[in-house]
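Visitor: So here's protein-v3.txt (compact mmCIF, C-alpha atoms).
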# COMPACT_ATOMS: atom_id res chain seq x y z
CA MET L 244 -33.97 -6.47 -26.73
CA THR L 245 -31.86 -8.13 -24.04
CA HIS L 246 -34.82 -10.23 -23.04
CA GLU L 247 -35.31 -11.23 -26.67
CA ILE L 248 -31.67 -12.32 -27.02
CA LYS L 249 -31.88 -14.28 -23.79
CA GLU L 250 -35.00 -16.02 -24.93
CA ASN L 251 -33.52 -16.87 -28.31
CA MET L 252 -30.28 -18.10 -26.79
CA LYS L 253 -32.21 -20.27 -24.39
CA THR L 254 -34.25 -21.85 -27.17
CA ASN L 255 -31.91 -21.87 -30.18
CA LEU L 256 -28.41 -22.50 -28.75
CA THR L 257 -27.14 -26.00 -29.03
CA TYR L 258 -25.53 -27.75 -26.07
CA GLU L 259 -22.10 -27.10 -27.54
CA GLN L 260 -22.81 -23.39 -28.02
CA ARG L 261 -24.05 -23.07 -24.45
CA ARG L 262 -20.94 -24.84 -23.23
CA ASN L 263 -18.74 -22.47 -25.26
CA PHE L 264 -20.62 -19.50 -23.89
CA LEU L 265 -20.12 -20.61 -20.29
CA LEU L 266 -16.46 -21.35 -20.94
CA ILE L 267 -15.91 -17.87 -22.35
CA VAL L 268 -17.65 -16.24 -19.38
CA PHE L 269 -15.51 -18.30 -16.99
CA LEU L 270 -12.29 -17.37 -18.82
CA ILE L 271 -13.20 -13.69 -18.79
CA GLY L 272 -13.67 -13.96 -15.03
CA VAL L 273 -10.28 -15.60 -14.59
CA VAL L 274 -8.58 -12.97 -16.73
CA LEU L 275 -10.22 -10.14 -14.80
CA ILE L 276 -9.03 -11.61 -11.51
CA ALA L 277 -5.49 -11.78 -12.91
CA ILE L 278 -5.65 -8.15 -13.99
CA VAL L 279 -6.77 -6.79 -10.63
CA ALA L 280 -4.29 -8.87 -8.61
CA GLN L 281 -1.68 -6.58 -7.10
CA ALA L 282 1.34 -7.35 -4.99
CA THR L 283 1.60 -4.11 -3.07
CA THR L 284 -0.13 -3.34 0.20
CA LEU L 285 -0.78 0.27 1.07
CA VAL L 286 -2.10 1.59 4.33
CA ARG L 287 -4.73 4.18 3.63
CA LEU L 288 -3.62 7.71 4.43
CA THR L 289 -6.19 10.42 4.85
CA PHE L 290 -5.56 13.82 3.31
CA PRO L 291 -4.45 15.34 6.65
CA GLU L 292 -2.10 12.37 7.18
CA LEU L 293 -0.64 12.86 3.72
CA VAL L 294 0.04 16.53 4.47
CA LYS L 295 1.49 15.71 7.88
CA ASN L 296 3.82 12.98 6.58
CA SER L 297 5.14 15.06 3.70
CA SER L 298 8.22 17.18 4.11
CA ALA L 299 7.43 18.83 0.78
CA ILE L 300 4.35 19.32 -1.37
CA ALA L 301 4.62 20.81 -4.84
CA HIS L 302 2.93 21.36 -8.16
CA VAL L 303 5.41 19.89 -10.63
CA ARG L 304 5.90 19.05 -14.29
CA CYS L 305 7.63 15.83 -15.34
CA LEU L 306 10.86 16.33 -17.28
CA GLY L 307 11.94 12.72 -17.69
CA SER L 308 12.91 9.48 -15.98
CA GLN L 309 16.06 7.43 -15.73
CA ALA L 310 16.66 3.99 -14.28
CA VAL L 311 19.67 3.44 -12.02
CA PHE L 312 21.20 0.44 -10.27
CA GLU L 313 22.02 1.05 -6.63
CA ASN L 314 22.33 -1.15 -3.55
CA GLY L 315 21.64 -4.19 -5.67
CA GLU L 316 18.27 -2.87 -6.81
CA ILE L 317 16.85 -1.06 -9.84
CA TRP L 318 15.35 2.36 -9.11
CA THR L 319 13.69 4.96 -11.30
CA ASP L 320 14.71 8.57 -10.79
CA THR L 321 12.23 11.05 -12.21
CA SER L 322 13.23 14.68 -12.68
CA LEU L 323 10.46 17.17 -12.06
CA GLU L 324 10.32 20.90 -12.56
CA VAL L 325 8.79 22.65 -9.56
CA LEU L 326 6.04 24.99 -10.76
CA GLU L 327 4.83 25.91 -7.29
CA SER L 328 6.12 24.84 -3.90
CA ASN L 329 3.30 24.47 -1.38
CA LYS L 330 5.28 23.04 1.52
CA GLY L 331 9.00 22.89 2.20
CA ASN L 332 11.86 24.59 0.41
CA LEU L 333 12.40 22.93 -2.92
CA PRO L 334 14.96 23.59 -5.63
CA ALA L 335 13.82 24.37 -9.18
CA ILE L 336 14.19 20.71 -10.14
CA VAL L 337 13.62 17.79 -7.81
CA VAL L 338 14.45 14.13 -8.34
CA VAL L 339 11.93 11.60 -7.08
CA ARG L 340 13.10 8.03 -6.62
CA GLN L 341 10.84 4.99 -6.86
CA PRO L 342 11.59 1.27 -6.69
CA GLY L 343 11.57 -0.62 -9.98
CA GLY L 344 12.39 0.27 -13.56
CA LYS L 345 13.95 -0.97 -16.75
CA LEU L 346 17.71 -1.17 -16.99
CA ALA L 347 19.54 -2.88 -19.85
CA HIS L 348 18.14 -6.40 -20.10
CA LEU L 349 16.45 -6.41 -16.73
CA GLU L 350 13.11 -5.08 -15.65
CA SER L 351 12.14 -4.71 -12.02
CA ARG L 352 8.39 -4.45 -11.64
CA VAL L 353 6.77 -3.06 -8.52
CA ASP L 354 3.01 -2.80 -8.59
CA GLY L 355 1.51 0.41 -7.30
CA THR L 356 4.35 2.75 -8.19
CA PRO L 357 3.07 5.69 -10.24
CA GLN L 358 4.40 6.16 -13.77
CA PHE L 359 4.95 9.69 -15.00
CA ARG L 360 4.78 10.99 -18.56
CA VAL L 361 7.03 13.76 -19.81
CA GLY L 362 5.22 17.09 -19.69
CA GLU L 363 2.57 15.84 -17.29
CA GLU L 364 1.62 18.12 -14.40
CA LEU L 365 1.08 16.76 -10.91
CA TYR L 366 0.79 17.62 -7.28
CA LEU L 367 3.21 15.41 -5.38
CA PHE L 368 3.48 14.77 -1.65
CA LEU L 369 7.13 14.12 -0.98
CA GLU L 370 9.44 12.94 1.74
CA GLY L 371 13.13 13.78 1.68
CA GLN L 372 15.73 16.44 2.12
CA PRO L 373 16.46 19.39 -0.16
CA GLY L 374 19.66 18.66 -2.05
CA GLY L 375 18.96 14.95 -1.90
CA ARG L 376 16.45 12.63 -3.47
CA PHE L 377 12.77 12.68 -2.69
CA PHE L 378 10.33 9.82 -2.27
CA LEU L 379 6.60 9.71 -2.81
CA VAL L 380 4.58 9.53 0.39
CA GLY L 381 2.24 6.56 0.07
CA TRP L 382 3.21 6.13 -3.61
CA SER L 383 -0.09 6.38 -5.51
CA GLN L 384 -1.70 8.09 -2.52
CA GLY L 385 0.72 11.00 -2.69
CA THR L 386 0.26 11.43 -6.44
CA PHE L 387 -2.38 13.84 -7.73
CA ARG L 388 -2.58 14.27 -11.50
CA VAL L 389 -3.65 17.59 -12.98
CA ARG L 390 -5.80 17.25 -16.08
CA ARG L 391 -7.23 19.93 -18.34
CA ASN L 392 -10.37 19.21 -20.31
CA PRO L 393 -9.83 20.87 -23.72
CA ARG L 394 -13.57 21.09 -24.38
CA THR L 395 -14.70 22.64 -21.13
CA GLY L 396 -11.40 24.25 -20.16
CA LEU L 397 -11.88 22.84 -16.68
CA THR L 398 -8.79 21.75 -14.77
CA THR L 399 -9.25 18.91 -12.33
CA VAL L 400 -7.12 16.92 -9.92
CA THR L 401 -7.34 13.16 -9.44
CA GLN L 402 -5.46 11.11 -6.87
CA ASP L 403 -3.87 7.97 -8.31
CA SER L 404 -5.11 5.86 -5.43
CA ALA L 405 -8.74 6.83 -6.06
CA GLU L 406 -9.05 3.64 -8.11
CA ILE L 407 -6.73 1.46 -6.03
CA PRO L 408 -8.00 -0.31 -2.91
CA ALA L 409 -5.93 0.48 0.19
CA TYR L 410 -5.94 -1.25 3.56
CA ASP L 411 -7.93 0.59 6.16
CA GLN L 412 -6.66 -0.11 9.67
CA GLN L 413 -9.94 0.85 11.30
CA SER L 414 -12.30 -1.32 9.29
CA ARG L 415 -9.58 -3.90 8.47
CA GLU L 416 -10.75 -3.93 4.88
CA PHE L 417 -9.48 -2.80 1.50
CA THR L 418 -11.44 0.21 0.29
CA LYS L 419 -11.23 2.72 -2.53
CA THR L 420 -11.23 6.33 -1.56
CA GLY L 421 -9.56 9.56 -2.52
CA VAL L 422 -9.72 12.72 -4.55
CA LYS L 423 -11.30 12.24 -7.96
CA ASP L 424 -11.95 14.93 -10.58
CA MET L 425 -11.79 17.73 -8.02
CA ARG L 426 -11.53 21.22 -9.45
CA LEU L 427 -8.00 22.54 -9.22
CA ASP L 428 -8.96 25.63 -7.24
CA SER L 429 -10.94 23.50 -4.76
CA PHE L 430 -7.96 21.18 -4.33
CA ARG L 431 -5.63 24.12 -3.73
CA GLU L 432 -8.04 25.52 -1.16
CA GLN L 433 -8.30 22.15 0.61
CA LEU L 434 -4.52 21.87 0.70
CA ARG L 435 -4.10 25.42 1.98
CA ARG L 436 -6.65 24.89 4.74
CA GLU L 437 -5.10 21.64 5.86
CA MET L 438 -1.62 23.14 5.99
CA LEU L 439 -2.90 26.09 8.00
CA ARG L 440 -4.67 23.72 10.37
CA GLN L 441 -1.47 21.80 10.98
CA VAL L 442 0.65 24.85 11.73
CA PRO L 443 1.66 24.48 15.38
CA MET G 1121 -31.04 -14.96 -35.26
CA ARG G 1122 -28.30 -17.55 -35.46
CA THR G 1123 -26.13 -14.93 -37.15
CA ARG G 1124 -26.79 -12.61 -34.23
CA GLN G 1125 -25.78 -15.31 -31.77
CA LYS G 1126 -22.62 -15.93 -33.70
CA GLN G 1127 -21.92 -12.21 -33.66
CA ILE G 1128 -22.36 -12.10 -29.90
CA LEU G 1129 -20.08 -15.08 -29.38
CA ALA G 1130 -17.49 -13.61 -31.75
CA ALA G 1131 -17.58 -10.30 -29.89
CA MET G 1132 -17.09 -12.10 -26.60
CA ARG G 1133 -14.17 -14.08 -28.00
CA GLY G 1134 -12.64 -10.82 -29.25
CA THR G 1135 -13.02 -9.23 -25.82
CA LEU G 1136 -11.43 -12.27 -24.26
CA CYS G 1137 -8.44 -12.03 -26.58
CA VAL G 1138 -7.94 -8.35 -25.69
CA LEU G 1139 -8.18 -9.07 -21.97
CA ALA G 1140 -5.89 -12.06 -22.27
CA SER G 1141 -3.22 -9.91 -23.94
CA ALA G 1142 -3.52 -7.37 -21.15
CA ALA G 1143 -3.02 -10.07 -18.57
CA THR G 1144 0.06 -11.55 -20.18
CA VAL G 1145 1.71 -8.17 -20.19
CA GLN G 1146 1.97 -8.53 -16.43
CA GLY G 1147 4.36 -11.38 -17.14
CA TYR G 1148 4.04 -13.52 -14.07
CA ALA G 1149 4.86 -17.17 -14.35
CA PHE G 1150 3.39 -18.66 -11.22
CA ASN G 1151 5.41 -21.21 -9.31
CA MET G 1152 8.38 -20.82 -11.63
CA ILE G 1153 11.58 -18.99 -10.78
CA VAL G 1154 14.80 -18.29 -12.63
CA PRO G 1155 17.72 -18.05 -10.24
CA ASP G 1156 19.51 -14.74 -10.15
CA VAL G 1157 22.85 -15.72 -11.65
CA ARG G 1158 24.45 -12.57 -10.28
CA GLN G 1159 24.22 -14.14 -6.84
CA PRO G 1160 26.92 -16.49 -5.50
CA LEU G 1161 26.83 -20.08 -6.64
CA ALA G 1162 25.51 -21.28 -3.30
CA ILE G 1163 22.43 -19.08 -3.71
CA SER G 1164 21.82 -19.12 -7.46
CA GLY G 1165 22.64 -22.77 -8.02
CA GLY G 1166 24.76 -21.84 -11.02
CA SER G 1167 22.09 -22.16 -13.70
CA ALA G 1168 19.67 -19.68 -15.21
CA CYS G 1169 17.19 -22.35 -16.23
CA PRO G 1170 13.63 -21.71 -15.03
CA VAL G 1171 12.82 -24.13 -12.27
CA LYS G 1172 9.76 -24.79 -10.16
CA ALA G 1173 9.56 -22.67 -7.03
CA HIS G 1174 10.94 -24.51 -4.04
CA HIS G 1175 8.22 -25.79 -1.81
CA PRO G 1176 9.33 -26.81 1.62
CA THR G 1177 8.84 -30.45 2.44
CA THR G 1178 11.08 -31.03 5.43
CA PRO G 1179 10.94 -29.63 8.96
CA GLY G 1180 13.01 -26.52 9.46
CA TYR G 1181 13.38 -25.94 5.72
CA LEU G 1182 12.56 -22.24 5.86
CA ALA G 1183 15.24 -20.23 7.60
CA PHE G 1184 14.51 -16.74 8.87
CA ARG G 1185 16.67 -14.22 10.60
CA TRP G 1186 15.91 -10.87 12.10
CA SER G 1187 18.09 -7.84 12.43
CA THR G 1188 18.60 -6.49 15.93
CA SER G 1189 19.80 -3.17 14.47
CA LEU G 1190 17.47 -0.29 13.97
CA GLY G 1191 17.72 2.40 11.32
CA THR G 1192 19.36 5.75 11.93
CA ALA G 1193 16.05 7.61 12.19
CA PRO G 1194 14.80 7.96 15.77
CA THR G 1195 12.69 4.92 16.52
CA SER G 1196 11.31 3.42 19.67
CA ILE G 1197 10.18 -0.13 20.18
CA LEU G 1198 8.49 -0.41 23.53
CA THR G 1199 9.07 -3.58 25.50
CA GLN G 1200 8.00 -4.57 28.99
CA ASP G 1201 11.34 -6.14 29.80
CA GLN G 1202 14.01 -3.48 30.00
CA THR G 1203 17.08 -5.70 30.29
CA PRO G 1204 19.26 -5.90 27.14
CA ASN G 1205 18.62 -9.61 26.54
CA GLY G 1206 15.05 -9.43 27.73
CA ARG G 1207 14.21 -6.73 25.18
CA LEU G 1208 15.54 -8.83 22.31
CA ASN G 1209 13.77 -11.93 23.56
CA GLU G 1210 10.48 -10.07 23.80
CA ILE G 1211 10.75 -8.72 20.25
CA GLU G 1212 11.75 -12.15 18.98
CA GLN G 1213 8.75 -13.67 20.68
CA ILE G 1214 6.47 -11.21 18.89
CA ILE G 1215 8.03 -12.08 15.54
CA GLN G 1216 7.51 -15.76 16.22
CA GLN G 1217 3.90 -15.13 17.16
CA SER G 1218 3.43 -13.20 13.92
CA LEU G 1219 4.94 -15.99 11.87
CA ALA G 1220 2.72 -18.46 13.67
CA ALA G 1221 -0.29 -16.35 12.67
CA TRP G 1222 0.66 -16.74 9.00
CA THR G 1223 0.83 -20.48 9.30
CA ASN G 1224 -2.69 -20.71 10.66
CA VAL G 1225 -4.45 -18.79 7.93
CA GLY G 1226 -6.93 -20.86 5.95
CA GLY G 1227 -5.74 -21.82 2.49
CA THR G 1228 -2.06 -21.34 3.24
CA ALA G 1229 0.37 -24.09 2.39
CA LEU G 1230 2.72 -23.04 5.14
CA ASN G 1231 3.26 -25.62 7.86
CA PRO G 1232 4.63 -24.37 11.21
CA SER G 1233 7.18 -27.17 11.34
CA TRP G 1234 8.78 -25.94 8.11
CA LEU G 1235 10.09 -22.87 9.89
CA ALA G 1236 13.61 -23.15 11.25
CA PRO G 1237 14.40 -21.57 14.63
CA LEU G 1238 14.54 -17.81 14.24
CA ALA G 1239 18.11 -16.52 14.07
CA ARG G 1240 19.47 -13.10 15.00
CA VAL G 1241 21.83 -10.95 13.04
CA ALA G 1242 23.32 -7.64 14.15
CA THR G 1243 23.94 -6.39 10.61
CA GLN G 1244 22.21 -3.24 9.57
CA ASN G 1245 20.60 -3.38 6.10
CA ALA G 1246 20.18 -7.11 6.53
CA CYS G 1247 17.20 -7.03 4.19
CA GLY G 1248 19.26 -6.67 1.03
CA SER G 1249 19.36 -8.87 -2.07
CA ASP G 1250 21.30 -11.72 -0.53
CA GLY G 1251 18.83 -14.53 -0.96
CA MET G 1252 18.13 -14.69 2.79
CA ASN G 1253 14.72 -14.35 4.40
CA SER G 1254 15.26 -11.43 6.74
CA ILE G 1255 13.01 -9.36 8.98
CA CYS G 1256 14.11 -5.80 9.61
CA PHE G 1257 12.65 -2.95 11.63
CA ASP G 1258 12.90 0.61 10.40
CA GLN G 1259 15.78 -0.11 8.07
CA PRO G 1260 16.73 2.66 5.67
CA ASP G 1261 15.15 1.00 2.67
CA MET G 1262 14.46 3.71 0.13
CA GLY G 1263 11.41 1.89 -1.12
CA PHE G 1264 9.34 2.47 1.98
CA THR G 1265 7.58 5.72 2.65
CA PRO G 1266 4.66 6.37 5.01
CA GLY G 1267 1.62 4.46 3.79
CA VAL G 1268 3.55 1.65 2.11
CA LEU G 1269 3.19 -1.55 4.08
CA ALA G 1270 4.52 -4.20 1.72
CA PHE G 1271 5.56 -4.55 -1.88
CA THR G 1272 7.07 -7.01 -4.26
CA ARG G 1273 9.85 -6.59 -6.74
CA VAL G 1274 9.57 -8.93 -9.66
CA ILE G 1275 12.73 -8.90 -11.69
CA GLY G 1276 12.24 -10.21 -15.18
CA ARG G 1277 13.75 -10.42 -18.57
CA GLY G 1278 13.59 -7.08 -20.34
CA PRO G 1279 13.52 -6.40 -24.08
CA ASN G 1280 17.06 -7.74 -24.51
CA ARG G 1281 17.69 -11.26 -23.37
CA HIS G 1282 19.70 -12.04 -20.31
CA PRO G 1283 22.97 -13.85 -21.17
CA GLY G 1284 21.79 -16.83 -19.16
CA TRP G 1285 18.65 -17.05 -21.25
CA ARG G 1286 20.53 -18.44 -24.25
CA ARG G 1287 21.94 -21.16 -22.04
CA ALA G 1288 18.45 -21.88 -20.81
CA ARG G 1289 17.21 -22.22 -24.38
CA GLY G 1290 20.06 -24.60 -25.10
CA ASN G 1291 18.81 -26.73 -22.27
CA GLY G 1292 15.44 -27.13 -23.87
CA VAL G 1293 13.61 -24.10 -22.48
CA ARG G 1294 11.51 -22.46 -25.15
CA ALA G 1295 11.58 -18.73 -25.58
CA ASN G 1296 8.22 -17.17 -24.97
CA THR G 1297 8.15 -13.64 -26.25
CA ARG G 1298 4.79 -12.87 -24.69
CA ARG G 1299 5.79 -13.67 -21.14
CA ARG G 1300 8.68 -12.44 -19.12
CA TYR G 1301 9.83 -15.19 -16.86
CA LEU G 1302 10.42 -14.54 -13.24
CA PHE G 1303 14.03 -13.99 -12.30
CA GLN G 1304 13.71 -13.21 -8.66
CA SER G 1305 10.92 -12.19 -6.43
CA GLN G 1306 11.55 -10.25 -3.27
CA ARG G 1307 8.82 -9.48 -0.83
CA HIS G 1308 9.35 -6.44 1.33
CA PHE G 1309 7.46 -5.89 4.53
CA ARG G 1310 7.41 -2.80 6.60
CA ASP G 1311 6.63 -4.64 9.79
CA LEU G 1312 4.53 -7.49 11.10
CA ARG G 1313 2.28 -5.60 13.44
CA HIS G 1314 -0.82 -6.10 11.32
CA ALA G 1315 -0.07 -9.69 10.53
CA THR G 1316 -3.23 -11.15 11.96
CA GLY G 1317 -6.62 -10.67 10.41
CA SER G 1318 -5.52 -9.98 6.84
CA ARG G 1319 -5.85 -12.84 4.43
CA ARG G 1320 -4.46 -10.75 1.64
CA LYS G 1321 -1.20 -10.19 3.43
CA SER G 1322 -0.95 -13.80 4.40
CA LYS G 1323 -1.13 -14.71 0.76
CA ILE G 1324 1.66 -12.31 -0.03
CA LEU G 1325 3.93 -13.70 2.66
CA ARG G 1326 3.16 -17.26 1.66
CA LEU G 1327 4.16 -16.53 -1.92
CA GLY G 1328 7.19 -14.63 -0.72
CA ILE G 1329 8.43 -17.54 1.29
CA ALA G 1330 7.93 -19.90 -1.61
CA ALA G 1331 9.91 -17.65 -3.91
CA HIS G 1332 12.78 -17.16 -1.51
CA ALA G 1333 13.16 -20.62 -0.13
Go ahead and render the structure in this file as structure tokens.
Guide:
Amino acid sequence: MTHEIKENMKTNLTYEQRRNFLLIVFLIGVVLIAIVAQATTLVRLTFPELVKNSSAIAHVRCLGSQAVFENGEIWTDTSLEVLESNKGNLPAIVVVRQPGGKLAHLESRVDGTPQFRVGEELYLFLEGQPGGRFFLVGWSQGTFRVRRNPRTGLTTVTQDSAEIPAYDQQSREFTKTGVKDMRLDSFREQLRREMLRQVP
Amino acid sequence: MRTRQKQILAAMRGTLCVLASAATVQGYAFNMIVPDVRQPLAISGGSACPVKAHHPTTPGYLAFRWSTSLGTAPTSILTQDQTPNGRLNEIEQIIQQSLAAWTNVGGTALNPSWLAPLARVATQNACGSDGMNSICFDQPDMGFTPGVLAFTRVIGRGPNRHPGWRRARGNGVRANTRRRYLFQSQRHFRDLRHATGSRRKSKILRLGIAAHA
């Protein structure tokens, strides 16, 4: 079928149609490049590095977000209910701060910062002090979304950075890597093992 | 078969329209900036009209400064020279070498002569929103966490129009509801240690300088 279309296009298309076709293909390419362009550079953190750099790790549920203006910048504070604390002592509700957000007539955009939906469940790798605000370790790298498939009933975990290229210091290249569609129990086991391994 | 060809072309045009809308949502207007009118007159220029990004054309146009203060968290910067002045000179030399690396990357518009002599400042939190190009080490910027090397804040017009926008319209600037014009772009860098060998980062710094200058 594809071959047939190709053959017909080659023989039946006028010069103008061929020109239009090539122009459209070129424009699609330009648009795709614009979409993938990002202005944030992340250094790739391995799973053990994520665990090591986090002062707290928790299974949380998003309660809501609020933009604030502080130190001349717009920040987004997201309140999260702690369902299970895996590392560190966390209060029942933690506030995670990220750069960027919408406030009044201004919008501060920072590529690579995860967006959370109300009610969504996540595993977050956090840095901060209890009683204060927390920050996401490695932004998208420290964000693992919990998804339940209603048909199969299977619960999986996917790291936000699994689809985002990060800079690898060893190979000096941008590569995609990370946890993708891992079963929740497997993820928990991996986390437990890594934390045990890092106990001094 | 001609109908089929038309269908294919129509489908491709439709796809293009969808993709084009997705791209405009990002709202970047390349090489255009709108001064942040919240800043002092000397920095903002006093007008909110979108203007072309400043491209340096004269030697020493781009001024940089670096903060000699470290953050409160325990940090060590190892230097060979252990004298007070020698330590600062050594760090400054490394910064200058890093900047020189950016200017030699293929495709960059940055000319080494455009850089003014590097200045020092003792202020902590020197990398704030003050319109100055500043290099800071381990400053308590809440945006950085482990794994974040550099990021950009693009401040744009939100759903409600900025007061200065009406003035801009009065001066002949057309409102474009599909694009949010750039108000201010700040490039944040964690450090310059990995400056060499990364074209992607060089592009970011080049754009950052253009937006700040």
Visitor: Give the residues of chain L that lie within 6 Å of chain G; count only C-alpha atoms, and format the answer as a list in words.
Guide: Ile271, Ile278, Ala282, Thr283, Thr284, Leu285, Val286, Pro342, His348, Leu349, Glu350, Ser351, Arg352, Val353, Val380 and Gly381 of chain L
Visitor: Separation of atom CA of Lys419 of chain L and atom CA of Thr319 of chain L, in Å?
Guide: 26.5 Å
Visitor: Report, in Å to a single decimal, how far apart atom CA of Gly331 of chain L and atom CA of Gly307 of chain L are.
Guide: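 One can read the atom CA of Gly307 of chain L to atom CA of Gly331 of chain L distance as 22.5 Å.
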Visitor: Rounded to one decimal place, report the atom CA of Leu427 of chain L-atom CA of Gln341 of chain L distance in Å.
Guide: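 Computed distance, atom CA of Leu427 of chain L to atom CA of Gln341 of chain L, equals 25.9 Å.
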Visitor: Write out as a list of chain:residue names each polymer residue whose atoms come within 12 Å of Thr398 of chain L, counting all atoms listed in the file; drop sequence neighbours fewer than 5 positions from it.
Guide: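 Skipping anything fewer than 5 positions along the chain leaves L:Glu364, L:Leu365, L:Arg388, L:Val389, L:Arg390, L:Arg391, L:Asn392, L:Pro393, L:Lys423, L:Asp424, L:Met425, L:Arg426, L:Leu427, L:Asp428, L:Ser429, L:Phe430, L:Arg431.
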Visitor: Need to verify the contact set: segment 1211-1216 of chain G, 9 Å, only C-alpha atoms, exclusion of same-chain residues closer than 2 positions in sequence. Can you return it as a PyMOL selection string?
Guide: chain G and resi 1186+1197+1199+1206-1209+1218-1221+1238+1240+1255+1312-1313
Visitor: What's the 9 Å shell around Arg360 of chain L, counting all atoms listed in the file, without same-chain residues fewer than 5 positions away, as JSON, numbers by chain?
Guide: {"L": [305, 306, 307, 308]}
Visitor: I'd like the contact shell of segment 402-407 of chain L - 6 Å cut-off, all atoms listed in the file, skipping same-chain residues fewer than 4 positions apart - returned as a ChimeraX atom specification.
Guide: /L:383-384,386-387,419-422
Visitor: Leaving out segment 310-314 of chain L and any residue of its chain fewer than 5 positions from it, which residues lie within 7 Å of it when counting all atoms listed in the file, given as a PyMOL selection string?
Guide: chain L and resi 319-320+344-346
